[in-house]
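Chemist: Sending over a structure as structure tokens; questions will come in a sec.
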Amino acid sequence: MSVIEKIKKNPRLRELTLWLIVSKTHPRPRIWVKWILNRFFHKRGNKCKVGFRARLDVFPYHHFDIGANTIIEDYTVINNGAGDVTIGSNTIIGIGTVIIGPVKMGDGAYTGQHAFIAGFNHGFQDGSKNSRKQPLDIRGEGVVLEEDVFIGSNSVVTAGVTIGKGTQVGAGSVVSQSLPPYCIAVGNPARVVKRYNFETNKWEKV
């Protein structure tokens with residue numbers, strides 16, 4: 001039995017381990033976790049850049065992997081407490097964007113400024129309890145942005161959504177359902193307004 005399996009099966013040991021990693025009253029990784037422990041668990045590709053003012057609330061028990069030549073700009077917030085966050089190569093995360101796992105971004109995907117992407121919803125099935133005390137609602141793989149997807153500034157992508165390769169989401173949109181590849185979607189809720197025609201090499205209205 002591995003050390004991790006022993007920790008998971010022993011409630012007291014599990015509670016102690018979590019206390020060492022994160023405070024119950026302030027759900028951010030402790031300093032020693034950010035500066036030392038995470039280095040052994042998370043992967044960063046060559047020439048990736050993370051802004052000095054980016055806030056990375058990432059923990060060792062879920063993946064936080066960044067591909068090569070990827071840029072995470074200042075004032076971005078990334079949290080993998082509820083699930084893996086994997087960001088492909090040649091990707092840009094715009095200023096002020098919030099990414100809460102589980103989220104997977106393919107190569108060449110990028111966001112404008114202040115986008116919000118969350119792979120789970122807070123549970124609220126029991127109306128008599130605060131939603132913070134209920135299980136998280138994680139749907140499928142969380143959020144999946146395939147290769148070359150663009151998410152416009154101030155857009156929201158909700159849990160359980162997959163956005164197909166090459167799709168462009170207009171600024172200020174709310175994506176609550178999956179979108180096919182090679183389309184343009186705008187609005188709240190986001191709807192497809194154009195598709196790319198590979199025969200004519202043009203975007204055509206739907």
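Just so we're on the same page: first chain in the structure tokens is A, next is B, and so on; residues restart at 1 for each chain, and ligands are numbered from 1 in the order they show up.
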As a list of chain:residue names, please: the residues near Pro29 of chain A (cut-off 10 Å, only C-alpha atoms, same-chain neighbours under 4 positions excluded).
Modeler: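 Residues meeting the cut-off are A:Leu18, A:Trp19, A:Leu20, A:Ile21, A:Val22, A:Ser23, A:Val33, A:Lys34, A:Trp35, A:Asn38, A:Leu56, A:Asp57, A:Val58, A:Phe59, A:Pro60, A:Asn79, A:Gly81.
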Chemist: Go ahead and save the residues from that selection, with N, CA and C atoms, as a CSV table (one decimal), in the first residue's frame.
Modeler:
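Result written to out-v2.csv:
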chain,number,residue,atom,x,y,z
A,18,LEU,N,-4.1,17.3,5.5
A,18,LEU,CA,-4.8,18.5,4.9
A,18,LEU,C,-4.5,19.7,5.7
A,19,TRP,N,-4.4,19.6,7.1
A,19,TRP,CA,-4.1,20.8,7.9
A,19,TRP,C,-2.7,21.3,7.6
A,20,LEU,N,-1.8,20.4,7.3
A,20,LEU,CA,-0.4,20.8,6.9
A,20,LEU,C,-0.4,21.6,5.6
A,21,ILE,N,-1.4,21.2,4.7
A,21,ILE,CA,-1.4,21.8,3.3
A,21,ILE,C,-2.2,23.1,3.3
A,22,VAL,N,-3.3,23.1,4.0
A,22,VAL,CA,-4.2,24.3,3.8
A,22,VAL,C,-4.9,24.5,5.2
A,23,SER,N,-5.2,25.8,5.4
A,23,SER,CA,-5.9,26.2,6.6
A,23,SER,C,-7.4,26.0,6.4
A,33,VAL,N,3.9,25.0,1.1
A,33,VAL,CA,3.4,24.2,0.0
A,33,VAL,C,3.7,24.9,-1.3
A,34,LYS,N,3.4,26.2,-1.4
A,34,LYS,CA,3.6,27.0,-2.6
A,34,LYS,C,5.1,27.0,-3.0
A,35,TRP,N,6.0,27.2,-2.0
A,35,TRP,CA,7.4,27.5,-2.3
A,35,TRP,C,8.2,26.2,-2.5
A,38,ASN,N,4.9,22.0,-4.0
A,38,ASN,CA,4.3,22.0,-5.3
A,38,ASN,C,5.4,21.8,-6.4
A,56,LEU,N,-1.8,31.9,-7.6
A,56,LEU,CA,-1.9,30.5,-7.9
A,56,LEU,C,-2.2,29.8,-6.6
A,57,ASP,N,-3.5,29.5,-6.4
A,57,ASP,CA,-3.9,28.7,-5.2
A,57,ASP,C,-4.0,27.3,-5.7
A,58,VAL,N,-2.8,26.7,-5.8
A,58,VAL,CA,-2.7,25.3,-6.3
A,58,VAL,C,-2.1,24.4,-5.3
A,59,PHE,N,-2.6,23.1,-5.3
A,59,PHE,CA,-2.3,22.2,-4.3
A,59,PHE,C,-1.7,20.9,-4.9
A,60,PRO,N,-0.9,20.2,-4.2
A,60,PRO,CA,-0.1,19.1,-4.7
A,60,PRO,C,-1.0,17.9,-5.0
A,79,ASN,N,-7.1,28.0,-9.4
A,79,ASN,CA,-7.3,27.2,-8.2
A,79,ASN,C,-7.6,25.7,-8.7
A,81,GLY,N,-8.1,23.2,-6.4
A,81,GLY,CA,-8.5,22.5,-5.2
A,81,GLY,C,-9.6,21.4,-5.5
Chemist: Env of Asn188 of chain A: 8 Å cut, atoms = only C-alpha atoms, seq-sep filter 6 positions within chain, self excluded. Answer as a ChimeraX atom specification.
Modeler: /A:173-175
Chemist: Extract the full set of helix (DSSP H, G or I) residues from segment 2-201 of chain A according to DSSP on the backbone, and format it as a PyMOL selection string.
Modeler: chain A and resi 3-9+11-21+31-35+37-40+131-133
Chemist: How many Å lie between atom CA of Arg14 of chain A and atom CA of Gly140 of chain A, rounded to one decimal?
Modeler: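 Atom-to-atom, atom CA of Arg14 of chain A to atom CA of Gly140 of chain A, that is 25.8 Å.
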Chemist: Using only C-alpha atoms, what table do you get, as a Markdown table, when you list each residue of segment 98-169 of chain A with an atom no more than 12 Å from segment 195-203 of chain A, its nearest pair of atoms, and their distance in Å rounded to one decimal, rows by chain then rising number?
Modeler:
| residue | atom | partner | partner_atom | distance |
| --- | --- | --- | --- | --- |
| A:Gly164 | CA | A:Arg195 | CA | 11.8 |
| A:Lys165 | CA | A:Tyr196 | CA | 11.4 |
| A:Gly166 | CA | A:Tyr196 | CA | 9.3 |
| A:Thr167 | CA | A:Arg195 | CA | 8.8 |
| A:Gln168 | CA | A:Arg195 | CA | 9.9 |
Chemist: So how many Å separate atom CA of Leu37 of chain A and atom CA of Tyr61 of chain A, to one decimal?
Modeler: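 Going from atom CA of Leu37 of chain A over to atom CA of Tyr61 of chain A, I get 10.5 Å.
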Chemist: Please, which residues of segment 135-180 of chain A, numbered as in this document, come out strand (DSSP E or B) from DSSP, as a ChimeraX atom specification?
Modeler: /A:137-138,143-145,150-151,156-157,162-163,168-169,174-175,179
Chemist: Could the residues in this selection be written to a file with C-alpha atoms, as a PDB file, in the first residue's frame?
Modeler:
ATOM      1  CA  ASP A 137     -21.274  19.544  -8.350  1.00  0.00           C
ATOM      2  CA  ILE A 138     -18.537  18.450 -10.763  1.00  0.00           C
ATOM      3  CA  VAL A 143     -14.503  22.368 -18.536  1.00  0.00           C
ATOM      4  CA  VAL A 144     -12.614  21.383 -21.673  1.00  0.00           C
ATOM      5  CA  LEU A 145     -11.335  23.972 -24.132  1.00  0.00           C
ATOM      6  CA  PHE A 150     -10.607  31.756 -27.869  1.00  0.00           C
ATOM      7  CA  ILE A 151     -12.646  33.008 -24.906  1.00  0.00           C
ATOM      8  CA  VAL A 156     -18.093  33.021 -18.337  1.00  0.00           C
ATOM      9  CA  VAL A 157     -17.724  29.298 -19.041  1.00  0.00           C
ATOM     10  CA  THR A 162     -16.680  21.415 -23.842  1.00  0.00           C
ATOM     11  CA  ILE A 163     -15.791  23.974 -26.485  1.00  0.00           C
ATOM     12  CA  GLN A 168     -14.356  31.727 -30.884  1.00  0.00           C
ATOM     13  CA  VAL A 169     -16.485  33.000 -27.989  1.00  0.00           C
ATOM     14  CA  VAL A 174     -22.012  33.099 -20.948  1.00  0.00           C
ATOM     15  CA  VAL A 175     -21.305  29.569 -22.178  1.00  0.00           C
ATOM     16  CA  LEU A 179     -20.159  24.273 -28.424  1.00  0.00           C
TER      17      LEU A 179
END
Chemist: Check the smallest atom-to-atom distance from each of A:Thr158, A:Asn80, A:Thr86, A:Asn121 to Arg28 of chain A using only C-alpha atoms, then report the winner.
Modeler: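 Nearest candidate to Arg28 of chain A out of A:Thr158, A:Asn80, A:Thr86, A:Asn121: A:Asn80.
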Chemist: Measuring between only C-alpha atoms, which one of A:Gly45, A:Gly88, A:Gly96, A:Gly51 shows the shortest distance to Tyr75 of chain A?
Modeler: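 The closest residue to Tyr75 of chain A is A:Gly96.
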Chemist: Near Glu141 of chain A, counting only C-alpha atoms, which residues have an atom at most 10 Å away, once you skip same-chain residues fewer than 3 positions from it, shown as a ChimeraX atom specification?
Modeler: /A:83-84,101-104,119-120,138,144,159-162
Chemist: Pull N, CA and C atoms from the residues just selected and write them as an mmCIF file, in the first residue's frame.
Modeler:
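Writing done, so here's again-v5.cif:
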data_model
loop_
_atom_site.group_PDB
_atom_site.id
_atom_site.type_symbol
_atom_site.label_atom_id
_atom_site.label_comp_id
_atom_site.auth_asym_id
_atom_site.auth_seq_id
_atom_site.Cartn_x
_atom_site.Cartn_y
_atom_site.Cartn_z
ATOM 1 N N GLY A 83 -10.090 20.052 -8.623
ATOM 2 C CA GLY A 83 -9.771 19.203 -9.766
ATOM 3 C C GLY A 83 -8.586 19.736 -10.552
ATOM 4 N N ASP A 84 -8.052 18.895 -11.422
ATOM 5 C CA ASP A 84 -6.859 19.237 -12.192
ATOM 6 C C ASP A 84 -7.060 20.482 -13.053
ATOM 7 N N GLY A 101 -10.459 24.649 -11.328
ATOM 8 C CA GLY A 101 -10.526 23.299 -11.864
ATOM 9 C C GLY A 101 -11.730 22.502 -11.385
ATOM 10 N N PRO A 102 -12.007 21.409 -12.077
ATOM 11 C CA PRO A 102 -11.217 20.845 -13.155
ATOM 12 C C PRO A 102 -11.422 21.564 -14.501
ATOM 13 N N VAL A 103 -10.298 21.973 -15.088
ATOM 14 C CA VAL A 103 -10.300 22.665 -16.382
ATOM 15 C C VAL A 103 -9.126 22.155 -17.204
ATOM 16 N N LYS A 104 -9.392 21.890 -18.480
ATOM 17 C CA LYS A 104 -8.337 21.483 -19.399
ATOM 18 C C LYS A 104 -8.362 22.411 -20.603
ATOM 19 N N GLY A 119 -14.875 24.693 -13.363
ATOM 20 C CA GLY A 119 -15.206 23.304 -13.654
ATOM 21 C C GLY A 119 -16.207 22.681 -12.708
ATOM 22 N N PHE A 120 -16.719 23.450 -11.740
ATOM 23 C CA PHE A 120 -17.730 22.904 -10.830
ATOM 24 C C PHE A 120 -18.715 23.992 -10.422
ATOM 25 N N ILE A 138 -19.517 18.526 -9.680
ATOM 26 C CA ILE A 138 -18.537 18.450 -10.763
ATOM 27 C C ILE A 138 -19.128 17.592 -11.870
ATOM 28 N N VAL A 144 -13.640 21.743 -20.702
ATOM 29 C CA VAL A 144 -12.614 21.383 -21.673
ATOM 30 C C VAL A 144 -12.631 22.408 -22.808
ATOM 31 N N ALA A 159 -19.537 24.878 -15.624
ATOM 32 C CA ALA A 159 -19.148 23.478 -15.438
ATOM 33 C C ALA A 159 -19.801 22.558 -16.466
ATOM 34 N N GLY A 160 -19.032 21.548 -16.896
ATOM 35 C CA GLY A 160 -19.540 20.528 -17.794
ATOM 36 C C GLY A 160 -19.500 20.892 -19.255
ATOM 37 N N VAL A 161 -18.930 22.039 -19.590
ATOM 38 C CA VAL A 161 -18.920 22.528 -20.966
ATOM 39 C C VAL A 161 -17.650 22.092 -21.691
ATOM 40 N N THR A 162 -17.805 21.646 -22.931
ATOM 41 C CA THR A 162 -16.680 21.415 -23.842
ATOM 42 C C THR A 162 -16.839 22.345 -25.033
#
Chemist: Between A:Ala118, A:Val85, A:Cys183, A:Val149, which is the closest to Gly106 of chain A once you count only C-alpha atoms?
Modeler: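 Smallest separation from Gly106 of chain A among the options: A:Val149.
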Chemist: Counting only C-alpha atoms, what is within 8 Å of Ala54 of chain A, bar same-chain residues fewer than 2 positions away, as a list in words?
Modeler: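 In the requested format, the answer is Val50, Gly51, Phe52, Leu56, Ile72, Glu73, Asp74, Tyr75, Thr76 and Val77 of chain A.
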Chemist: Restrict the selected residues to N, CA and C atoms and save them as a short mmCIF file (atom, residue, chain, number, x, y, z; two decimals), in the first residue's frame.
Modeler:
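The result, stored in part.cif:
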data_model
loop_
_atom_site.label_atom_id
_atom_site.label_comp_id
_atom_site.auth_asym_id
_atom_site.auth_seq_id
_atom_site.Cartn_x
_atom_site.Cartn_y
_atom_site.Cartn_z
N VAL A 50 4.80 33.09 -15.92
CA VAL A 50 3.70 33.33 -14.99
C VAL A 50 3.91 34.70 -14.37
N GLY A 51 2.92 35.59 -14.51
CA GLY A 51 3.04 36.94 -13.99
C GLY A 51 3.33 36.97 -12.50
N PHE A 52 4.16 37.91 -12.08
CA PHE A 52 4.54 38.02 -10.67
C PHE A 52 3.32 38.23 -9.79
N LEU A 56 -1.76 31.92 -7.64
CA LEU A 56 -1.87 30.49 -7.90
C LEU A 56 -2.21 29.76 -6.61
N ILE A 72 0.83 33.25 -18.51
CA ILE A 72 -0.24 33.52 -17.54
C ILE A 72 -0.02 34.94 -17.03
N GLU A 73 -0.90 35.84 -17.39
CA GLU A 73 -0.67 37.26 -17.10
C GLU A 73 -1.02 37.63 -15.66
N ASP A 74 -0.59 38.83 -15.26
CA ASP A 74 -0.82 39.31 -13.90
C ASP A 74 -2.31 39.34 -13.53
N TYR A 75 -2.54 39.19 -12.23
CA TYR A 75 -3.87 39.25 -11.61
C TYR A 75 -4.78 38.09 -12.01
N THR A 76 -4.22 37.10 -12.69
CA THR A 76 -4.95 35.86 -12.93
C THR A 76 -5.04 35.08 -11.62
N VAL A 77 -6.15 34.35 -11.43
CA VAL A 77 -6.31 33.47 -10.28
C VAL A 77 -6.57 32.05 -10.80
#
